[in-house]
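> Structure: upload06.txt, compact mmCIF, C-alpha atoms.
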# COMPACT_ATOMS: atom_id res chain seq x y z
CA MET A 2 -26.90 -24.11 0.56
CA ILE A 3 -26.12 -27.45 -1.17
CA LEU A 4 -26.76 -25.82 -4.54
CA PHE A 5 -24.43 -23.00 -3.62
CA ILE A 6 -21.63 -25.41 -2.61
CA LEU A 7 -22.19 -27.45 -5.78
CA SER A 8 -22.02 -24.34 -7.94
CA LEU A 9 -18.77 -23.33 -6.26
CA PHE A 10 -17.39 -26.83 -6.81
CA PHE A 11 -18.27 -26.83 -10.53
CA PHE A 12 -16.82 -23.37 -10.83
CA SER A 13 -13.57 -24.61 -9.30
CA LEU A 14 -13.27 -27.28 -11.99
CA SER A 15 -13.74 -24.91 -14.92
CA PRO A 16 -10.58 -23.47 -16.52
CA VAL A 17 -9.72 -19.96 -15.43
CA LYS A 18 -9.35 -17.27 -18.06
CA ALA A 19 -7.28 -14.11 -17.61
CA GLN A 20 -10.46 -12.09 -18.05
CA ASP A 21 -12.09 -13.97 -15.15
CA LEU A 22 -9.08 -13.36 -12.95
CA ASN A 23 -9.19 -9.63 -13.70
CA GLN A 24 -12.89 -9.61 -12.83
CA TYR A 25 -12.23 -11.24 -9.45
CA GLN A 26 -9.38 -8.85 -8.79
CA SER A 27 -11.69 -5.90 -9.50
CA ASP A 28 -14.35 -7.36 -7.19
CA TYR A 29 -11.79 -7.77 -4.43
CA ARG A 30 -10.52 -4.19 -4.80
CA TYR A 31 -14.09 -2.88 -4.70
CA GLN A 32 -14.76 -4.81 -1.48
CA LEU A 33 -11.48 -3.53 -0.03
CA ASP A 34 -12.59 0.03 -0.74
CA LEU A 35 -15.98 -0.58 0.91
CA TYR A 36 -14.35 -2.12 3.97
CA GLN A 37 -11.90 0.76 4.38
CA LYS A 38 -14.75 3.29 4.24
CA SER A 39 -16.91 1.39 6.75
CA TYR A 40 -13.92 0.85 9.04
CA GLN A 41 -13.15 4.58 8.99
CA ASN A 42 -16.76 5.31 9.90
CA TYR A 43 -16.58 2.75 12.74
CA LEU A 44 -13.45 4.42 14.15
CA GLU A 45 -15.14 7.83 14.07
CA LYS A 46 -18.26 6.54 15.87
CA GLU A 47 -16.11 4.76 18.43
CA GLN A 48 -14.19 7.97 19.11
CA ILE A 49 -17.43 9.95 19.56
CA ASP A 50 -18.83 7.28 21.90
CA ASN A 51 -15.65 7.28 23.98
CA LYS A 52 -15.99 11.05 24.33
CA TYR A 53 -19.71 11.45 25.12
CA SER A 54 -20.96 7.92 25.92
CA THR A 55 -24.69 8.60 25.49
CA LEU A 56 -27.37 6.13 24.42
CA SER A 57 -27.38 7.71 20.97
CA THR A 58 -23.60 7.49 20.47
CA GLN A 59 -23.61 3.87 21.72
CA LYS A 60 -26.30 2.98 19.21
CA ASP A 61 -24.36 4.69 16.41
CA LYS A 62 -21.20 2.80 17.35
CA THR A 63 -23.00 -0.57 17.40
CA GLU A 64 -24.52 0.11 13.97
CA ALA A 65 -21.15 1.20 12.57
CA SER A 66 -19.42 -1.89 14.00
CA ILE A 67 -22.05 -4.21 12.48
CA ASN A 68 -21.55 -2.55 9.09
CA ALA A 69 -17.74 -2.77 9.38
CA LEU A 70 -17.96 -6.46 10.38
CA LEU A 71 -20.20 -7.16 7.39
CA GLN A 72 -17.82 -5.40 4.96
CA ARG A 73 -14.83 -7.17 6.52
CA ASN A 74 -16.56 -10.51 6.08
CA GLN A 75 -17.39 -9.81 2.45
CA LEU A 76 -13.84 -8.59 1.82
CA LEU A 77 -12.37 -11.85 3.14
CA TYR A 78 -14.90 -13.82 1.11
CA SER A 79 -13.92 -12.06 -2.14
CA TYR A 80 -10.23 -12.49 -1.30
CA LEU A 81 -10.61 -16.25 -0.77
CA ILE A 82 -12.39 -16.56 -4.13
CA LEU A 83 -9.58 -14.63 -5.81
CA LEU A 84 -7.00 -16.98 -4.28
CA ARG A 85 -8.94 -20.04 -5.40
CA VAL A 86 -9.15 -18.68 -8.96
CA GLN A 87 -5.41 -17.99 -8.98
CA LEU A 88 -4.76 -21.49 -7.66
CA GLY A 89 -6.71 -22.94 -10.58
CA GLN A 90 -4.59 -21.14 -13.18
CA TYR A 91 -2.04 -23.96 -13.47
CA ASP A 92 -3.02 -27.53 -13.96
CA ASN A 93 0.14 -29.31 -12.78
CA ASN A 94 -1.45 -32.37 -11.12
CA ASP A 95 -0.19 -31.28 -7.71
CA PRO A 96 -2.56 -32.81 -5.11
CA ARG A 97 -1.93 -29.86 -2.77
CA ASN A 98 -3.86 -27.62 -5.20
CA ASN A 99 -7.06 -29.61 -4.72
CA ILE A 100 -6.59 -29.86 -0.94
CA LEU A 101 -6.21 -26.10 -0.67
CA LYS A 102 -9.15 -25.49 -3.02
CA GLU A 103 -11.36 -27.58 -0.76
CA LYS A 104 -10.15 -25.74 2.34
CA LEU A 105 -10.80 -22.40 0.66
CA LEU A 106 -14.29 -23.51 -0.35
CA THR A 107 -15.09 -24.52 3.23
CA LYS A 108 -14.04 -21.12 4.54
CA GLU A 109 -15.90 -19.31 1.76
CA THR A 110 -19.07 -21.15 2.78
CA TYR A 111 -18.45 -20.26 6.42
CA LEU A 112 -17.96 -16.57 5.59
CA LYS A 113 -21.01 -16.48 3.33
CA ALA A 114 -23.12 -17.93 6.15
CA GLN A 115 -21.77 -15.31 8.55
CA ASP A 116 -23.19 -12.50 6.39
CA LEU A 117 -26.69 -13.40 7.54
CA THR A 118 -25.63 -13.81 11.18
CA ILE A 119 -23.96 -10.38 11.21
CA LYS A 120 -27.08 -8.72 9.75
CA GLN A 121 -29.13 -10.19 12.61
CA LEU A 122 -26.86 -8.83 15.38
CA GLY A 123 -28.85 -6.43 17.55
CA ASP A 124 -26.94 -5.03 20.49
CA LYS A 125 -23.44 -4.41 21.73
CA GLU A 126 -23.20 -7.75 23.58
CA GLN A 127 -24.20 -9.78 20.52
CA VAL A 128 -21.63 -7.92 18.43
CA LYS A 129 -18.96 -8.62 21.00
CA GLU A 130 -19.87 -12.29 21.19
CA TRP A 131 -19.79 -12.75 17.42
CA SER A 132 -16.53 -10.82 17.13
CA THR A 133 -14.85 -13.06 19.75
CA GLN A 134 -16.09 -16.17 17.99
CA PHE A 135 -14.71 -14.91 14.65
CA LYS A 136 -11.37 -14.05 16.23
CA SER A 137 -10.95 -17.68 17.31
CA GLN A 138 -11.62 -18.82 13.71
CA TYR A 139 -9.36 -16.31 11.99
CA PRO A 140 -5.93 -18.00 12.63
CA GLU A 141 -7.17 -21.03 10.68
CA ILE A 142 -8.29 -18.80 7.81
CA GLN A 143 -4.89 -17.06 7.86
CA THR A 144 -3.09 -20.42 7.69
CA ILE A 145 -5.09 -21.37 4.59
CA ILE A 146 -4.53 -17.94 3.02
CA TYR A 147 -0.73 -17.99 3.42
CA SER A 148 -0.43 -21.68 2.44
CA THR A 149 -2.35 -20.84 -0.76
CA LEU A 150 -0.13 -17.83 -1.46
CA VAL A 151 2.94 -20.08 -1.27
CA GLN A 152 1.28 -22.76 -3.41
CA ILE A 153 0.34 -20.19 -6.09
CA GLN A 154 3.96 -19.05 -6.32
CA VAL A 155 5.17 -22.66 -6.38
CA ASN A 156 2.76 -23.32 -9.27
CA GLN A 157 4.01 -20.24 -11.13
CA GLN A 158 7.64 -21.30 -10.71
CA LYS A 159 6.99 -24.93 -11.62
CA ASN A 160 5.33 -23.72 -14.79
CA ILE A 161 8.42 -21.63 -15.67
CA LEU A 162 10.75 -24.54 -14.88
CA GLN A 163 8.73 -26.78 -17.14
CA LYS A 164 8.92 -24.23 -19.97
CA ILE A 165 12.72 -23.95 -19.59
CA GLN A 166 13.10 -27.75 -19.57
CA ILE A 167 10.97 -28.15 -22.72
CA LEU A 168 12.88 -25.37 -24.48
CA GLY A 169 16.20 -26.99 -23.49
CA GLN A 170 15.10 -30.32 -24.92
CA GLU A 171 13.92 -28.65 -28.11
CA ILE A 172 17.24 -26.84 -28.56
CA GLN A 173 19.17 -30.08 -28.00
CA ALA A 174 16.98 -31.92 -30.49
CA ASP A 175 17.60 -29.21 -33.11
CA SER A 176 21.41 -29.39 -32.76
CA PRO A 177 22.38 -32.93 -31.71
CA GLN A 178 25.93 -32.63 -33.11
CA ASN A 179 26.82 -29.51 -31.15
CA GLN A 180 29.07 -30.84 -28.34
CA ALA A 181 29.57 -27.55 -26.50
CA LEU A 182 25.83 -26.94 -26.47
CA SER A 183 25.06 -30.48 -25.28
CA GLN A 184 27.62 -30.19 -22.50
CA TRP A 185 25.93 -27.12 -21.16
CA LEU A 186 22.39 -28.45 -21.60
CA ASN A 187 23.33 -31.52 -19.56
CA GLU A 188 23.61 -29.20 -16.58
CA LEU A 189 19.90 -28.31 -16.81
CA PRO A 190 18.58 -31.30 -14.78
CA THR A 191 20.94 -30.50 -11.88
CA GLN A 192 19.77 -26.91 -11.78
CA SER A 193 16.16 -28.01 -12.08
CA GLU A 194 16.59 -30.25 -9.04
CA LYS A 195 17.89 -27.30 -7.02
CA VAL A 196 14.83 -25.23 -7.98
CA THR A 197 12.49 -28.10 -7.05
CA GLN A 198 14.27 -28.49 -3.71
CA HIS A 199 13.75 -24.80 -2.85
CA LEU A 200 10.07 -25.05 -3.84
CA ASN A 201 9.63 -28.11 -1.63
CA ASP A 202 11.30 -26.30 1.27
CA ALA A 203 8.89 -23.39 0.79
CA ILE A 204 5.94 -25.80 1.04
CA LEU A 205 7.43 -27.54 4.09
CA ASP A 206 7.31 -24.23 5.98
CA THR A 207 3.55 -24.05 5.43
CA GLU A 208 3.05 -27.47 7.01
CA LYS A 209 4.49 -26.48 10.38
CA LYS A 210 1.85 -26.93 13.07
CA GLN A 211 0.24 -23.82 14.48
CA THR A 212 0.52 -23.58 18.24
CA GLY A 213 -1.47 -21.32 20.55
CA THR A 214 -4.43 -19.13 19.71
CA ARG A 215 -2.49 -16.67 17.55
CA PHE A 216 -1.37 -17.24 13.96
CA ASN A 217 2.37 -17.88 13.60
CA ASN A 218 3.24 -16.53 10.20
CA PHE A 219 5.49 -18.82 8.17
CA TYR A 220 5.23 -16.79 4.98
CA SER A 221 8.52 -14.89 5.37
CA SER A 222 10.38 -18.19 5.79
CA SER A 223 8.69 -19.66 2.68
CA LEU A 224 9.37 -16.48 0.76
CA LYS A 225 13.14 -16.89 1.24
CA ASP A 226 13.03 -20.28 -0.51
CA LEU A 227 10.71 -18.95 -3.19
CA ASP A 228 13.11 -16.06 -3.89
CA LEU A 229 16.05 -18.48 -4.14
CA ALA A 230 14.07 -20.55 -6.64
CA THR A 231 13.18 -17.43 -8.65
CA ASN A 232 16.84 -16.38 -8.80
CA LEU A 233 17.86 -19.84 -10.03
CA LEU A 234 15.15 -19.77 -12.70
CA SER A 235 16.30 -16.33 -13.87
CA GLU A 236 19.87 -17.64 -14.03
CA MET A 237 18.83 -20.72 -16.01
CA HIS A 238 16.82 -18.59 -18.42
CA SER A 239 19.67 -16.12 -18.90
CA ASN A 240 22.29 -18.90 -19.36
CA LEU A 241 20.13 -20.73 -21.88
CA LYS A 242 19.72 -17.51 -23.82
CA SER A 243 23.48 -16.92 -23.87
CA VAL A 244 24.23 -20.52 -24.92
CA VAL A 245 21.71 -20.38 -27.75
CA SER A 246 23.02 -17.07 -29.07
CA LYS A 247 26.64 -18.38 -28.86
CA PHE A 248 26.36 -21.90 -30.24
CA ILE A 249 23.45 -21.80 -32.62
CA ALA A 250 23.79 -19.93 -35.88
CA LEU A 251 21.05 -17.51 -36.81
CA MET B 17 22.25 87.52 49.99
CA ARG B 18 21.57 83.86 49.71
CA GLU B 19 17.78 84.44 50.16
CA ASP B 20 17.89 87.05 47.34
CA LEU B 21 19.44 84.49 45.04
CA ASN B 22 16.75 81.92 45.88
CA GLN B 23 13.99 84.47 45.25
CA ASN B 24 15.50 85.29 41.84
CA LEU B 25 15.64 81.61 40.95
CA VAL B 26 12.01 81.09 41.98
CA GLN B 27 10.96 84.06 39.82
CA GLU B 28 12.89 82.77 36.81
CA LEU B 29 11.48 79.19 37.02
CA PRO B 30 7.93 78.96 35.61
CA ASN B 31 5.08 77.71 37.77
CA PRO B 32 4.60 73.93 37.10
CA ILE B 33 0.81 74.24 37.04
CA GLN B 34 1.06 77.08 34.53
CA LYS B 35 3.42 74.94 32.43
CA GLU B 36 0.98 72.06 32.50
CA ASN B 37 -1.85 74.28 31.37
CA GLN B 38 0.33 75.62 28.57
CA THR B 39 1.11 72.14 27.31
CA LYS B 40 -2.54 71.13 27.47
CA GLY B 41 -3.37 74.19 25.49
CA SER B 42 -0.81 73.33 22.84
CA GLU B 43 -2.20 69.75 22.56
CA SER B 44 -5.72 70.97 22.12
CA SER B 45 -4.79 72.91 19.01
CA PRO B 46 -4.17 69.89 16.73
CA GLU B 47 -7.59 68.49 17.67
CA THR B 48 -9.17 71.51 16.20
CA SER B 49 -7.01 71.16 13.11
CA SER B 50 -7.84 67.42 12.71
CA SER B 51 -11.54 68.14 12.57
CA LYS B 52 -10.78 69.77 9.23
CA THR B 53 -9.06 66.66 7.74
CA PRO B 54 -11.06 64.38 5.38
CA PRO B 55 -13.01 61.54 7.15
CA PHE B 56 -11.05 58.64 5.51
CA LEU B 57 -7.78 59.98 6.91
CA LYS B 58 -9.24 59.79 10.40
CA HIS B 59 -9.00 55.97 10.18
CA LEU B 60 -5.26 56.23 9.81
CA LYS B 61 -5.04 57.09 13.46
CA ASN B 62 -6.55 53.72 14.36
CA PRO B 63 -3.62 51.37 15.21
CA LYS B 64 -5.44 48.34 13.80
CA VAL B 65 -5.81 50.03 10.44
CA LEU B 66 -2.15 51.00 10.49
CA VAL B 67 -1.08 47.43 11.24
CA LEU B 68 -3.27 46.14 8.41
CA ILE B 69 -1.79 48.65 5.97
CA ILE B 70 1.75 47.68 6.99
CA LEU B 71 0.98 43.97 6.67
CA PHE B 72 -0.62 44.45 3.28
CA SER B 73 2.37 46.42 2.00
CA VAL B 74 4.78 43.74 3.32
CA ILE B 75 2.80 41.04 1.46
CA ILE B 76 2.94 43.05 -1.78
CA VAL B 77 6.70 43.55 -1.40
CA LEU B 78 7.20 39.83 -0.71
CA PHE B 79 5.08 38.92 -3.73
CA ILE B 80 7.11 41.18 -6.01
CA LEU B 81 10.35 39.74 -4.59
CA SER B 82 9.12 36.18 -5.15
CA LEU B 83 8.52 36.97 -8.83
CA PHE B 84 12.21 37.82 -9.20
CA VAL B 85 13.45 34.89 -7.14
CA ASN B 86 11.39 32.26 -9.03
CA LYS B 87 12.69 33.34 -12.41
CA PRO B 88 14.81 30.49 -13.80
CA THR B 89 18.38 31.53 -14.04
CA GLN B 90 20.91 30.20 -16.43
CA THR B 91 23.33 29.34 -13.65
CA SER B 92 20.94 26.84 -12.06
CA THR B 93 20.82 24.68 -15.20
CA THR B 94 24.55 24.54 -15.77
CA THR B 95 26.47 21.80 -13.99
CA PRO B 96 29.82 22.58 -12.45
CA PRO B 97 32.74 21.05 -14.32
CA THR B 98 34.12 17.93 -12.66
CA ALA B 99 37.76 17.20 -12.24
CA THR B 100 37.47 13.57 -13.32
CA PRO B 101 35.93 12.70 -16.68
CA ILE B 102 32.59 10.86 -16.56
CA PRO B 103 32.92 7.39 -18.12
CA LEU B 104 30.63 6.91 -21.08
CA ASN B 105 28.69 3.70 -21.56
CA LYS B 106 30.21 1.91 -24.49
CA PRO B 107 27.79 0.20 -26.85
CA THR B 108 27.70 -3.51 -26.09
CA SER B 109 26.74 -6.19 -28.55
CA ILE B 110 23.27 -7.61 -27.82
CA PRO B 111 23.25 -11.42 -28.13
CA GLN B 112 21.16 -12.49 -31.08
CA ILE B 113 18.66 -15.25 -30.42
CA PRO B 114 17.37 -17.27 -33.36
CA GLU B 115 13.88 -16.19 -34.39
CA LYS B 116 12.59 -19.73 -33.75
CA TYR B 117 13.20 -19.50 -30.00
CA LYS B 118 12.64 -15.77 -29.51
CA ASP B 119 8.93 -16.01 -28.57
CA LYS B 120 9.57 -18.85 -26.14
CA PHE B 121 12.34 -16.93 -24.38
CA ASP B 122 10.14 -13.84 -24.24
CA SER B 123 7.28 -15.88 -22.79
CA ILE B 124 9.53 -17.30 -20.03
CA ASP B 125 10.89 -13.84 -19.34
CA GLN B 126 7.35 -12.51 -19.02
CA ASP B 127 6.41 -15.33 -16.63
CA ILE B 128 9.43 -14.58 -14.41
CA GLN B 129 8.42 -10.92 -14.29
CA ASN B 130 4.84 -11.90 -13.37
CA ILE B 131 5.71 -13.99 -10.31
CA GLN B 132 3.58 -12.15 -7.81
CA VAL B 133 0.62 -12.65 -5.53
CA GLU B 134 -2.04 -10.46 -3.98
CA LEU B 135 -1.16 -10.27 -0.29
CA PRO B 136 -4.08 -10.49 2.17
CA PRO B 137 -5.84 -7.27 3.18
CA ALA B 138 -4.93 -5.66 6.48
CA ILE B 139 -8.02 -6.08 8.63
CA ASP B 140 -8.83 -5.18 12.20
CA GLU B 141 -9.66 -8.34 14.15
CA ASN B 142 -10.92 -6.35 17.15
CA ILE B 143 -13.93 -4.60 15.64
CA GLY B 144 -16.81 -4.67 18.11
CA GLN B 145 -14.74 -5.86 21.07
Spell out the structure here as structure tokens.


Amino acid sequence: MILFILSLFFFSLSPVKAQDLNQYQSDYRYQLDLYQKSYQNYLEKEQIDNKYSTLSTQKDKTEASINALLQRNQLLYSYLILLRVQLGQYDNNDPRNNILKEKLLTKETYLKAQDLTIKQLGDKEQVKEWSTQFKSQYPEIQTIIYSTLVQIQVNQQKNILQKIQILGQEIQADSPQNQALSQWLNELPTQSEKVTQHLNDAILDTEKKQTGTRFNNFYSSSLKDLDLATNLLSEMHSNLKSVVSKFIAL
Amino acid sequence: MREDLNQNLVQELPNPIQKENQTKGSESSPETSSSKTPPFLKHLKNPKVLVLIILFSVIIVLFILSLFVNKPTQTSTTTPPTATPIPLNKPTSIPQIPEKYKDKFDSIDQDIQNIQVELPPAIDENIGQ
């Protein structure tokens, strides 16, 4: 187990290549397909058991539910890995990245350990007990998942903002005498601040405390700020393009 | 006098039993004639066979009609003339970006297009409950 955690930790430190990301995406889609098939089978067995309710149909339903629980567990595990890989795409020294990576690793370890527990489930009561226990854990997993989704998009947008800022500085350095160009480029920091503010607001939504046993989804609220930031970035990019084509000779 | 008239009427009207026998006799004659018809024509008298033949002929007629209906006509491709002229898109001048910055702008553009995440899978939390 320690070796497994250590290997995951070292993996998290290594730079992520696009090829790796594609591989994890393929793995996740494969697991999604397996889960959907097993879930369909579980629904069919449940329907038959509800209709006839014999010892044989009950046994079939229990077996189908164990298989569906196993596939669901493995699907979530592969999804958490994919998120962690996406989180590691941008090295922007944001401490939240490492905090979320650690949280994801903890849940990956939990899910991996559950694989063995699910395989050992024998009867209907044991299945029910495990399922109830998982249900109490799931809101926490969901909180980590959606916080990571927001953080990934924040990373993506910060990376774009940084590229625009560097390009703006480069353009200014190439044409220091161009007054009209300089006047416009001086507006870049103000716009950058607005983008950063929206990104911070998106993160603030993820930090709201969860109350009750159910997961209160904050993602739609974060998404509004993320969309505002994206629109501002598109505007900055488009304006910079126009300014360059107008004030700088080919 | 009146009794005479009634007697005449009774004599003129045929006996109903005799009439019935006559009609039965006339019906029995086609039976003898049908025994001479070829065996495959005998099936035509079966109502099920008749219904099947009618259905089959209706399907053939519908199929032939569909061949004519599906033929593309020239009128379907032509658009009706509009009263107001359709405005044409005038060619606009595309801003020229210096070659030095082109790749960087394209890269940022690509990054903006790629802002997306894989949303979590929809799972059933109540399996086994």

> Please determine an axis-aligned box that encloses all atoms of stretch 79-84 of chain A listed in the file, with 4 Å added on each side, and express its centre and edge lengths in Å to one decimal as JSON.


{"center_x": -10.5, "center_y": -14.5, "center_z": -3.3, "size_x": 14.9, "size_y": 12.9, "size_z": 13.0}

> Fewer than 2 positions away in the same chain doesn't count, so skip those; otherwise give me all residues within 9 Å of A:Gln157, counting all atoms listed in the file, as a PyMOL selection string.

(chain A and resi 90-91+152-155+159-162) or (chain B and resi 127-128+130-132)

> Quick one: everything within 10 Å of stretch 97-113 of chain A, counting only C-alpha atoms, minus sequence neighbours fewer than 4 positions away in the same chain. Send it as a count of residues only.

40

> Against chain B, which residues of chain A fall within 9 Å? For each one I want the closest pair of atoms and the distance in Å (one decimal), counting only C-alpha atoms, rows by chain and increasing residue number, as CSV.


residue,atom,partner,partner_atom,distance
A:Gln26,CA,B:Glu134,CA,8.9
A:Leu33,CA,B:Pro137,CA,7.5
A:Tyr36,CA,B:Ile139,CA,8.8
A:Gln37,CA,B:Ile139,CA,8.9
A:Tyr40,CA,B:Asp140,CA,8.5
A:Tyr43,CA,B:Ile143,CA,8.3
A:Lys62,CA,B:Gly144,CA,8.7
A:Thr63,CA,B:Gly144,CA,7.5
A:Ser66,CA,B:Gly144,CA,5.6
A:Ile67,CA,B:Gly144,CA,7.7
A:Ala69,CA,B:Ile143,CA,7.6
A:Leu70,CA,B:Ile143,CA,6.9
A:Arg73,CA,B:Ile139,CA,7.2
A:Leu76,CA,B:Pro137,CA,8.2
A:Leu77,CA,B:Pro137,CA,8.0
A:Tyr80,CA,B:Pro136,CA,7.3
A:Leu83,CA,B:Glu134,CA,8.8
A:Leu84,CA,B:Glu134,CA,8.2
A:Gln87,CA,B:Val133,CA,8.8
A:Lys125,CA,B:Gly144,CA,7.6
A:Glu126,CA,B:Gly144,CA,9.0
A:Val128,CA,B:Gly144,CA,5.8
A:Lys129,CA,B:Gln145,CA,5.0
A:Glu130,CA,B:Gln145,CA,8.2
A:Trp131,CA,B:Gly144,CA,8.6
A:Ser132,CA,B:Gly144,CA,6.2
A:Thr133,CA,B:Gln145,CA,7.3
A:Phe135,CA,B:Glu141,CA,8.3
A:Lys136,CA,B:Glu141,CA,6.3
A:Tyr139,CA,B:Glu141,CA,8.3
A:Gln143,CA,B:Pro136,CA,8.7
A:Ile146,CA,B:Pro136,CA,7.5
A:Tyr147,CA,B:Pro136,CA,8.3
A:Leu150,CA,B:Val133,CA,6.6
A:Val151,CA,B:Val133,CA,8.9
A:Ile153,CA,B:Val133,CA,7.6
A:Gln154,CA,B:Ile131,CA,6.7
A:Gln157,CA,B:Ile131,CA,6.5
A:Gln158,CA,B:Ile131,CA,7.6
A:Asn160,CA,B:Asp127,CA,8.7
A:Ile161,CA,B:Ile124,CA,6.2
A:Leu162,CA,B:Ile124,CA,9.0
A:Lys164,CA,B:Ile124,CA,7.0
A:Ile165,CA,B:Ile124,CA,7.4
A:Leu168,CA,B:Lys120,CA,7.5
A:Ile172,CA,B:Tyr117,CA,8.5
A:Thr231,CA,B:Ile128,CA,7.4
A:Leu234,CA,B:Ile128,CA,7.9
A:Ser235,CA,B:Ile128,CA,7.1
A:His238,CA,B:Ile124,CA,7.6
A:Lys242,CA,B:Ile113,CA,7.1
A:Ser243,CA,B:Pro111,CA,7.0
A:Val245,CA,B:Ile113,CA,6.5
A:Ser246,CA,B:Ile113,CA,4.9
A:Lys247,CA,B:Pro111,CA,7.8
A:Ile249,CA,B:Pro114,CA,7.6
A:Ala250,CA,B:Pro114,CA,7.4
A:Leu251,CA,B:Pro114,CA,5.1

> Just the number, please: distance in Å from atom CA of A:Ser223 to atom CA of A:Pro140, one decimal.

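Taking atom CA of A:Ser223 and atom CA of A:Pro140, their separation equals 17.8 Å.
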
> Given the choices A:Ser27, A:Gln134, A:Gln166, A:Gln32, which gets closest to A:Thr191 if the distance is worked out from all atoms listed in the file?

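For A:Thr191, the nearest of the candidates is A:Gln166.
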
> Separation of atom CA of A:Phe216 and atom CA of A:Asp202, in Å?

20.1 Å

> Just give me the gap between atom CA of A:Asn187 and atom CA of A:Gln173 in Å, one decimal is fine.

9.5 Å

> Which one is closest to A:Thr214: A:Ser137, A:Gln20, A:Gln178, A:Glu64? Count only C-alpha atoms.

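Checking each candidate against A:Thr214, we get A:Ser137 as the closest.
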